[in-house]
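Novice: So that we are looking at the same thing, I have put the structure below in structure tokens.
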Amino acid sequence: MFAVAQPMTLEQCRVQALEHNKSLDKARWQIKKQEADLKAMKTNFLPNFNLFGADLYNTSKLNFTPNLSGTFATGMAGVNTLLSQLAQSPTFAPIVAQLQGLGKHFQLPDDFFEFKTGNVFMGGVSVYEPLYLGGKITAGYKMNQRGLQMAKNNVRLTESEVILNTDEAYVLCIRAKELGVVARSYQALLEELKKNVDAAVNQGMRTRNDALKVQVKLNEAALNIMKADNAYRLAQMNLAQTIGLPLIQQIEVTDEGFPASTEGAVPDTDISDVSKRPEYDLLNDKTELARLQVKLTRSDFLPNVLVFGSYSYMNGMKLLGEKLFKNGSATVGVALKVPLFHFGEGTQKVRSAKAAWQIAQLEQEDLTEKMRLEAMQASNNLHEALMEIDVTQKSVEQATENMKMSRQQYEVGTEPLSDYLEAQSMWQQAKANAVEARCAYLIAHTKYLKAIGAL
């Protein structure tokens, strides 16, 4: 069941459509995405700080026992032989005696060195700042700026398309509504004629055949009214869907918002200038992106310089029961990377990027010419629509005059009923043509404004 009809002007429908169109919502979210990407890209100009830390426990233990076999040919046996020989010398005998006495109290440990990992903790802060990356950061930042501009231009383009679709749906409602008015006016003429013919038949002045002819026309008029009403309801549903209202919402359209007359219908502007169109700006953005891509590609094969620093602390690892690490250390340095030879990879990639840039330029020139042709065609269509309005208006005036004369002649008996019915039918067709011409003009006017970038 349909809701109560809601009166809406064209401007109200446009506002409603711009607020609830899904494609437009998507385009607006794209702006937010590009804004976030741009802010993220801007941070590449600033230093990066990182905090790191780790804690581990390892049960491994390593033991080192000295091997004296390499010092003396026979190991410890050779040492004892040497001491025995020295003891026979008066000079070394006292020393040997002292060493042998000391040996009674000295025991070489089984594990001469013991190394344990145990629990190890480490942590610190690092910072690095790129000084020169071949222009990569600058090119990337400018590309993100251009991407944001493209997103905004895409919103403008989507808005113009939404407005055009809304205008077309609105005019479709006006067309169905006015054709219904014409059909009812024609029906009223036939009903008046039917009364006169029926009265004349009852008085014997007209034949039953004349009454049947009028009735056939009345039946056709009733059918046309039903078609117009159905078309109006469908047009209302289409408009409701276009502007984001429920399909059951009936909309009562008015002419408010459309040009009241055809005077000044064609703005005084240079139709060859399409620079105001969002499509033109989007082409410029696309070409500029291709140019920046050349710089971005080249930066991959240029020297990179960055400065870095860090402070770290480590605690753990034991040797002979004592911790090896339990202090911090600072590091500062400069890193340089210079690509030397990649078998021509960089050259070919830069050539590919330049070719893509050239393609974008050619595409821009081609599509700009097509936009100029589109603007010229829209201008021609608008002029033709204006001329058609004038022609159909004259046809309505002539058909109205012809119907009056035919009626007078029919009433005095100098013209048959069929001629009068034909005059009425011609009047109805002329009125319908005038409605079609006016609606075609309204759409042509909107398309012309879109083509010159004024929408």
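To be explicit about the labels: the chains of the structure tokens are called A, B, and onward in the order shown, and within each one the residues are counted from 1, while ligands get numbers from 1 in the order they are shown.
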Sorted by chain and rising residue number, list the residues of range 157-184 of chain A at most 7 Å from range 432-437 of chain A (counting only C-alpha atoms), each with its closest atom pair and distance in Å to one decimal, as a Markdown table.
Specialist:
```
| residue | atom | partner | partner_atom | distance |
| --- | --- | --- | --- | --- |
| A:Arg175 | CA | A:Val435 | CA | 6.5 |
| A:Glu178 | CA | A:Val435 | CA | 6.8 |
| A:Leu179 | CA | A:Ala432 | CA | 6.2 |
| A:Val182 | CA | A:Ala432 | CA | 6.7 |
```
Novice: If you count only C-alpha atoms, which residues fall within 8 Å of Phe121 in chain A, apart from same-chain ones fewer than 2 positions away, as a list in words?
Specialist: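 Those residues are Gly53, Ala54, Asp55, Leu56, Asn119, Gly123, Met314, Asn315 and Gly316 of chain A.
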Novice: Would you write out those residues with N, CA and C atoms, as a PDB file, in the first residue's frame?
Specialist:
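Result file is selection.pdb:
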```pdb
ATOM      1  N   GLY A  53      62.616  -5.502  23.236  1.00  0.00           N
ATOM      2  CA  GLY A  53      62.990  -6.198  24.452  1.00  0.00           C
ATOM      3  C   GLY A  53      62.772  -7.691  24.308  1.00  0.00           C
ATOM      4  N   ALA A  54      63.524  -8.479  25.052  1.00  0.00           N
ATOM      5  CA  ALA A  54      63.389  -9.935  25.006  1.00  0.00           C
ATOM      6  C   ALA A  54      63.909 -10.526  26.313  1.00  0.00           C
ATOM      7  N   ASP A  55      63.311 -11.625  26.714  1.00  0.00           N
ATOM      8  CA  ASP A  55      63.762 -12.345  27.899  1.00  0.00           C
ATOM      9  C   ASP A  55      63.731 -13.837  27.570  1.00  0.00           C
ATOM     10  N   LEU A  56      64.872 -14.509  27.815  1.00  0.00           N
ATOM     11  CA  LEU A  56      64.931 -15.927  27.488  1.00  0.00           C
ATOM     12  C   LEU A  56      65.666 -16.681  28.590  1.00  0.00           C
ATOM     13  N   ASN A 119      69.232 -17.333  32.486  1.00  0.00           N
ATOM     14  CA  ASN A 119      68.240 -16.313  32.129  1.00  0.00           C
ATOM     15  C   ASN A 119      68.940 -15.083  31.562  1.00  0.00           C
ATOM     16  N   GLY A 123      67.021  -5.396  26.169  1.00  0.00           N
ATOM     17  CA  GLY A 123      66.043  -4.413  25.718  1.00  0.00           C
ATOM     18  C   GLY A 123      66.724  -3.114  25.356  1.00  0.00           C
ATOM     19  N   MET A 314      71.749  -5.325  28.316  1.00  0.00           N
ATOM     20  CA  MET A 314      71.717  -6.783  28.328  1.00  0.00           C
ATOM     21  C   MET A 314      72.175  -7.279  29.690  1.00  0.00           C
ATOM     22  N   ASN A 315      71.466  -8.265  30.207  1.00  0.00           N
ATOM     23  CA  ASN A 315      71.779  -8.820  31.526  1.00  0.00           C
ATOM     24  C   ASN A 315      71.669 -10.335  31.430  1.00  0.00           C
ATOM     25  N   GLY A 316      72.802 -11.043  31.687  1.00  0.00           N
ATOM     26  CA  GLY A 316      72.746 -12.498  31.659  1.00  0.00           C
ATOM     27  C   GLY A 316      74.043 -13.127  31.190  1.00  0.00           C
TER      28      GLY A 316
END
```
Novice: Excluding Val181 in chain A and any residue of its chain fewer than 5 positions from it, enumerate the residues within 9 Å of it, using only C-alpha atoms, and give them as a list in words.
Specialist: Ala176, Tyr186, Ile225 and Ala228 of chain A
Novice: Using only C-alpha atoms, tabulate the residues of range 274-356 of chain A lying at most 12 Å from any atom of range 45-50 of chain A, each with its closest atom pair and that distance in Å to one decimal, by chain and increasing residue number, as CSV.
Specialist:
```
residue,atom,partner,partner_atom,distance
A:Leu306,CA,A:Pro47,CA,10.2
A:Val307,CA,A:Pro47,CA,9.5
A:Phe308,CA,A:Pro47,CA,9.2
A:Gly309,CA,A:Phe49,CA,9.6
A:Ser310,CA,A:Asn50,CA,9.1
A:Tyr311,CA,A:Asn50,CA,10.7
A:Ser312,CA,A:Asn50,CA,11.5
```
Novice: Which one of A:Ala5, A:Leu455, A:Lys42, A:Val334 sits closest to Glu129 in chain A if you count only C-alpha atoms?
Specialist: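 Of the candidates, the smallest distance to Glu129 in chain A is held by A:Val334.
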Novice: May I have all residues of range 206-414 of chain A that DSSP, computed from the backbone, assigns to strand (DSSP E), given as a PyMOL selection string?
Specialist: chain A and resi 251-253+304-319+322-337
Novice: Which residue out of A:Ser23, A:Pro416, A:Lys349, A:Ser299 has the minimum interatomic distance to Arg156 in chain A when only C-alpha atoms are used?
Specialist: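 Between A:Ser23, A:Pro416, A:Lys349, A:Ser299, the residue approaching Arg156 in chain A most closely is A:Ser23.
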Novice: Kindly indicate which residue among A:Lys227, A:Lys213, A:Lys337, A:Lys404 lies nearest to Leu133 in chain A, using only C-alpha atoms for the distances.
Specialist: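 Counting only C-alpha atoms, the residue closest to Leu133 in chain A is A:Lys337.
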Novice: Go ahead and compute the interatomic distance for CA of Arg438 in chain A and CA of Ile389 in chain A, in Å to one decimal.
Specialist: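 CA of Ile389 in chain A lies at a distance of 6.1 Å from CA of Arg438 in chain A.
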Novice: For the atom pair CA of Asp281 in chain A and CA of Met150 in chain A, what is the interatomic distance in Å to one decimal place?
Specialist: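 Separation between CA of Asp281 in chain A and CA of Met150 in chain A: 7.8 Å.
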